[in-house]
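*Asks:* The following file, final_18.tsv, comprises TSV, C-alpha atoms:
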chain	number	residue	atom	x	y	z
A	69	MET	CA	7.67	-3.53	-249.48
A	70	ILE	CA	4.44	-2.71	-251.30
A	71	ARG	CA	3.68	-3.83	-254.80
A	72	ILE	CA	4.19	-0.70	-256.86
A	73	ILE	CA	1.69	-1.51	-259.57
A	74	ALA	CA	-0.45	-4.50	-260.43
A	75	PRO	CA	0.39	-6.30	-263.70
A	76	VAL	CA	-2.98	-5.59	-265.27
A	77	ALA	CA	-2.69	-1.93	-264.36
A	78	ALA	CA	0.81	-1.82	-265.79
A	79	VAL	CA	-0.51	-3.03	-269.12
A	80	ALA	CA	-3.28	-0.44	-269.03
A	81	VAL	CA	-0.89	2.37	-268.23
A	82	ALA	CA	1.52	1.23	-270.93
A	83	ALA	CA	-1.29	1.25	-273.46
A	84	VAL	CA	-2.16	4.81	-272.59
A	85	VAL	CA	1.42	5.99	-272.40
A	86	GLY	CA	2.22	4.29	-275.68
A	87	GLY	CA	-0.64	6.01	-277.46
A	88	THR	CA	-0.65	8.49	-280.26
A	89	TRP	CA	-1.92	11.80	-278.91
A	90	TYR	CA	1.37	13.62	-279.38
A	91	MET	CA	2.85	11.03	-281.70
A	92	SER	CA	0.02	11.72	-284.12
A	93	GLN	CA	1.55	15.14	-284.58
A	94	ASN	CA	4.83	15.31	-286.45
A	95	SER	CA	7.78	16.82	-284.65
A	96	ASN	CA	7.20	20.16	-286.38
A	97	GLY	CA	3.71	20.32	-284.89
A	98	ASP	CA	4.87	19.54	-281.35
A	99	PRO	CA	6.68	22.45	-279.66
A	100	PHE	CA	8.04	20.01	-277.05
A	101	ALA	CA	9.36	17.33	-279.42
A	102	GLN	CA	12.98	18.02	-278.46
A	103	CYS	CA	12.14	17.68	-274.77
A	104	ARG	CA	10.57	14.22	-274.88
A	105	THR	CA	12.19	10.95	-273.92
A	106	SER	CA	8.96	8.94	-274.17
A	107	SER	CA	5.99	8.40	-276.41
A	108	VAL	CA	3.35	10.40	-274.61
A	109	ALA	CA	-0.28	9.48	-274.28
A	110	GLY	CA	-2.82	9.10	-276.91
A	111	GLY	CA	-6.37	8.12	-277.56
A	112	GLY	CA	-7.48	8.90	-274.01
A	113	ALA	CA	-5.69	12.05	-272.89
A	114	ILE	CA	-3.96	12.05	-269.51
A	115	GLY	CA	-4.97	14.75	-267.08
A	116	GLY	CA	-7.97	16.99	-266.87
A	117	PRO	CA	-10.34	18.63	-264.41
A	118	PHE	CA	-10.34	17.63	-260.75
A	119	GLU	CA	-11.94	18.87	-257.54
A	120	LEU	CA	-10.10	18.11	-254.31
A	121	LEU	CA	-9.44	19.49	-250.83
A	122	ASN	CA	-6.31	21.42	-249.91
A	123	ALA	CA	-4.54	21.45	-246.54
A	124	LYS	CA	-7.08	23.91	-245.14
A	125	GLY	CA	-10.01	21.75	-246.17
A	126	ALA	CA	-11.05	24.15	-248.93
A	127	THR	CA	-12.27	22.83	-252.25
A	128	VAL	CA	-9.87	23.55	-255.10
A	129	THR	CA	-9.82	22.70	-258.79
A	130	GLN	CA	-7.01	22.17	-261.27
A	131	ALA	CA	-7.30	25.86	-262.19
A	132	ASP	CA	-6.55	26.84	-258.58
A	133	VAL	CA	-3.62	24.45	-258.24
A	134	ILE	CA	-1.88	24.45	-261.62
A	135	THR	CA	-0.98	28.11	-261.90
A	136	GLU	CA	2.56	27.41	-263.10
A	137	PRO	CA	4.40	24.30	-264.34
A	138	SER	CA	3.48	21.58	-261.84
A	139	LEU	CA	4.84	18.15	-261.01
A	140	ILE	CA	2.03	15.88	-259.81
A	141	TYR	CA	2.43	12.64	-257.86
A	142	PHE	CA	-0.29	10.30	-256.56
A	143	GLY	CA	0.61	8.50	-253.32
A	144	TYR	CA	-0.24	8.30	-249.64
A	145	THR	CA	1.34	9.60	-246.47
A	146	PHE	CA	1.48	6.20	-244.69
A	147	CYS	CA	3.52	4.76	-247.56
A	148	PRO	CA	6.56	3.11	-245.93
A	149	ASP	CA	9.11	3.43	-248.72
A	150	VAL	CA	8.15	4.28	-252.30
A	151	CYS	CA	6.28	7.56	-251.84
A	152	PRO	CA	8.83	9.31	-249.59
A	153	PHE	CA	11.60	8.43	-252.03
A	154	ASP	CA	9.69	9.58	-255.11
A	155	VAL	CA	8.35	12.76	-253.54
A	156	SER	CA	11.81	13.67	-252.18
A	157	ARG	CA	13.23	13.15	-255.68
A	158	ASN	CA	10.58	15.47	-257.10
A	159	ALA	CA	11.32	18.08	-254.44
A	160	GLU	CA	15.03	17.94	-255.24
A	161	ALA	CA	14.29	18.43	-258.93
A	162	VAL	CA	12.15	21.48	-258.08
A	163	ASP	CA	15.06	22.95	-256.09
A	164	LEU	CA	17.45	22.36	-258.98
A	165	LEU	CA	15.03	24.14	-261.30
A	166	ALA	CA	14.76	27.05	-258.85
A	167	GLU	CA	18.54	27.40	-258.90
A	168	ALA	CA	18.25	27.74	-262.67
A	169	GLY	CA	15.58	30.42	-262.31
A	170	GLN	CA	12.62	28.20	-263.21
A	171	SER	CA	9.64	27.93	-260.87
A	172	VAL	CA	7.77	24.61	-260.66
A	173	THR	CA	5.19	23.56	-258.08
A	174	PRO	CA	5.34	20.01	-256.67
A	175	VAL	CA	1.86	18.56	-256.02
A	176	PHE	CA	1.02	15.52	-253.89
A	177	ILE	CA	-2.43	13.96	-254.34
A	178	SER	CA	-3.41	11.33	-251.78
A	179	ILE	CA	-5.01	8.11	-252.93
A	180	ASP	CA	-5.79	7.20	-249.30
A	181	PRO	CA	-8.59	9.57	-248.29
A	182	LYS	CA	-9.57	7.42	-245.30
A	183	ARG	CA	-6.39	8.31	-243.40
A	184	ASP	CA	-5.11	11.33	-245.31
A	185	THR	CA	-7.19	14.18	-244.00
A	186	PRO	CA	-6.46	17.70	-245.28
A	187	GLU	CA	-4.31	18.39	-242.21
A	188	VAL	CA	-2.35	15.15	-242.56
A	189	VAL	CA	-1.66	15.57	-246.25
A	190	GLY	CA	-0.84	19.25	-245.75
A	191	ASP	CA	1.77	18.48	-243.08
A	192	PHE	CA	3.28	15.72	-245.20
A	193	ALA	CA	3.57	17.98	-248.24
A	194	PHE	CA	5.08	20.88	-246.30
A	195	ASN	CA	7.63	18.62	-244.64
A	196	MET	CA	8.68	17.38	-248.06
A	197	HIS	CA	8.97	20.85	-249.62
A	198	GLU	CA	7.80	24.30	-248.59
A	199	LYS	CA	6.18	24.80	-252.00
A	200	MET	CA	4.51	21.42	-252.21
A	201	VAL	CA	0.71	21.43	-252.46
A	202	GLY	CA	-0.98	18.57	-250.62
A	203	LEU	CA	-4.42	17.48	-251.81
A	204	THR	CA	-6.95	14.90	-250.69
A	205	GLY	CA	-10.73	14.60	-250.87
A	206	SER	CA	-13.65	12.28	-250.61
A	207	PRO	CA	-13.21	8.77	-252.03
A	208	GLU	CA	-15.22	9.87	-255.06
A	209	GLN	CA	-13.11	12.98	-255.62
A	210	VAL	CA	-9.86	11.05	-255.29
A	211	LYS	CA	-11.09	8.33	-257.66
A	212	ALA	CA	-12.07	10.93	-260.26
A	213	ALA	CA	-8.67	12.63	-260.10
A	214	SER	CA	-6.89	9.28	-260.32
A	215	GLN	CA	-8.93	8.25	-263.33
A	216	ALA	CA	-8.22	11.55	-265.05
A	217	TYR	CA	-4.49	10.83	-264.82
A	218	ARG	CA	-4.89	7.11	-265.56
A	219	THR	CA	-3.29	6.12	-262.27
A	220	TYR	CA	-3.88	2.88	-260.39
A	221	TYR	CA	-4.37	2.32	-256.66
A	222	GLN	CA	-5.77	-0.48	-254.55
A	223	PRO	CA	-5.95	-0.27	-250.75
A	224	HIS	CA	-5.54	-3.46	-248.72
A	225	ASP	CA	-7.63	-2.28	-245.81
A	226	ASP	CA	-7.54	-5.04	-243.22
A	227	GLY	CA	-9.16	-2.92	-240.54
A	228	SER	CA	-5.87	-1.95	-238.93
A	229	ASP	CA	-4.29	1.50	-238.92
A	230	TYR	CA	-1.32	0.29	-240.95
A	231	TYR	CA	-2.77	-1.15	-244.14
A	232	LEU	CA	-0.85	-0.69	-247.39
A	233	VAL	CA	-2.00	0.65	-250.74
A	234	ASP	CA	-0.72	-0.64	-254.07
A	235	HIS	CA	-0.35	2.22	-256.52
A	236	SER	CA	1.31	3.40	-259.69
A	237	THR	CA	4.32	5.68	-259.28
A	238	PHE	CA	4.53	8.00	-262.27
A	239	SER	CA	5.11	11.72	-261.79
A	240	TYR	CA	3.28	13.99	-264.22
A	241	LEU	CA	4.40	17.33	-265.62
A	242	VAL	CA	1.46	19.64	-266.27
A	243	LEU	CA	1.65	23.11	-267.78
A	244	PRO	CA	-1.01	25.83	-267.40
A	245	GLU	CA	-3.02	26.38	-270.58
A	246	VAL	CA	-1.42	23.25	-272.05
A	247	GLY	CA	-2.16	20.40	-269.65
A	248	PHE	CA	-0.23	17.16	-269.26
A	249	VAL	CA	2.95	17.04	-271.33
A	250	GLU	CA	5.20	14.33	-269.88
A	251	PHE	CA	5.55	11.61	-267.26
A	252	PHE	CA	8.57	10.43	-265.30
A	253	ARG	CA	9.33	6.94	-264.03
A	254	ARG	CA	10.94	6.12	-260.72
A	255	ASP	CA	14.40	5.55	-262.17
A	256	VAL	CA	14.77	9.14	-263.39
A	257	THR	CA	17.24	11.11	-261.26
A	258	PRO	CA	16.54	14.61	-259.92
A	259	GLU	CA	19.14	16.00	-262.31
A	260	GLN	CA	17.62	14.26	-265.32
A	261	MET	CA	14.14	15.34	-264.30
A	262	ALA	CA	15.18	18.97	-263.78
A	263	LYS	CA	16.92	19.11	-267.15
A	264	GLN	CA	13.92	17.69	-269.00
A	265	ILE	CA	11.37	19.83	-267.17
A	266	GLY	CA	13.53	22.86	-267.88
A	267	CYS	CA	13.28	22.11	-271.57
A	268	PHE	CA	9.47	22.02	-271.38
A	269	VAL	CA	9.36	25.25	-269.38
A	270	ASP	CA	11.64	27.00	-271.85
A	271	ASN	CA	9.48	25.93	-274.78
A	272	ALA	CA	6.08	26.54	-273.19
Give the structure from the file, written as structure tokens.

*Replies:*
Amino acid sequence: MIRIIAPVAAVAVAAVVGGTWYMSQNSNGDPFAQCRTSSVAGGGAIGGPFELLNAKGATVTQADVITEPSLIYFGYTFCPDVCPFDVSRNAEAVDLLAEAGQSVTPVFISIDPKRDTPEVVGDFAFNMHEKMVGLTGSPEQVKAASQAYRTYYQPHDDGSDYYLVDHSTFSYLVLPEVGFVEFFRRDVTPEQMAKQIGCFVDNA
């Protein structure tokens, strides 16, 4: 069982998540106020530009990927337990939204570029959901994307093929022309996630 997130990183994430970006606006100024179940990020905004590689090895940016409401998760394909569970939950939420007539793209960004080649991450994403976009990149590209979303990861590369990576496990809802609007913890069910995302989509 991997450590999901280091204590220091947890404090850092909590500080960001507990900020005042949206809270600084009153509910009348926030079109998504009725959709929120958390105090969403503040002084340093979550999300932003990234440049990564897709399953074909082509360079893509956030503008290429986030063309509709998107649910972003940072993980790695060799993850033995946490990532498959979280990504499957996200895929199920996307299917529930589709049944309600709402289209959302699940996105998986690898934080293990050493092993997760474009082909590997592409196969993983497709096996999880036919709509899922798998992204990887150089160590520098991955680090920049992770920093943009204030995520944490720390590989324990012992030289073997089976090393583990500690990482944060939030899923991020991003809307085109708006950007990051909400995050979801691991304990949120697919049904809860779909209902909340649906609210954001309806009010976008």

*Asks:* Neighbouring residues of Gln264 (chain A) were defined as those with any atom within 7 Å, considering only C-alpha atoms; residues of the same chain fewer than 4 positions away were excluded. Please report them as a list of chain:residue names.

*Replies:*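 My reading of the contact set: A:Cys103, A:Gln260, A:Phe268.
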
*Asks:* For CA of Pro137 (chain A) and CA of Leu121 (chain A), determine how far apart the two atoms are, in Å to one decimal place.

*Replies:*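 These two atoms are separated by 19.9 Å.
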
*Asks:* In Å, rounded to a single decimal, give me how far CA of His197 (chain A) is from CA of Glu136 (chain A).

*Replies:* 16.3 Å

*Asks:* Region 217-229 of chain A: which residues within 6 Å, counting only C-alpha atoms, same-chain residues fewer than 5 positions away excluded, as a PyMOL selection string?

*Replies:* chain A and resi 114-115+234-236

*Asks:* What's the separation between CA of Ser214 (chain A) and CA of Asp98 (chain A), in Å to one decimal place?

*Replies:*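 Separation of CA of Ser214 (chain A) and CA of Asp98 (chain A): 26.2 Å.
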
*Asks:* Of the candidates A:Ala272, A:Ala126, A:Leu120, A:Ala113, which one gets nearest to Pro207 (chain A) if we count all atoms listed in the file?

*Replies:*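 Of A:Ala272, A:Ala126, A:Leu120, A:Ala113, the one nearest Pro207 (chain A) is A:Leu120, counting all atoms listed in the file.
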
*Asks:* Out of A:Gln209, A:Asn158, A:Thr185, A:Gln102, which residue has the shortest atom-to-atom distance to Phe146 (chain A) when counting all atoms listed in the file?

*Replies:*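 Of the candidates, the smallest distance to Phe146 (chain A) is held by A:Thr185.
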
*Asks:* Would you mind listing what lies within 7 Å of Thr145 (chain A) as a tab-separated table (two decimals) with C-alpha atoms, in the coordinates of the input, with only C-alpha atoms counted and same-chain residues fewer than 6 positions away left out?

*Replies:*
chain	number	residue	atom	x	y	z
A	184	ASP	CA	-5.11	11.33	-245.31
A	189	VAL	CA	-1.66	15.57	-246.25
A	192	PHE	CA	3.28	15.72	-245.20
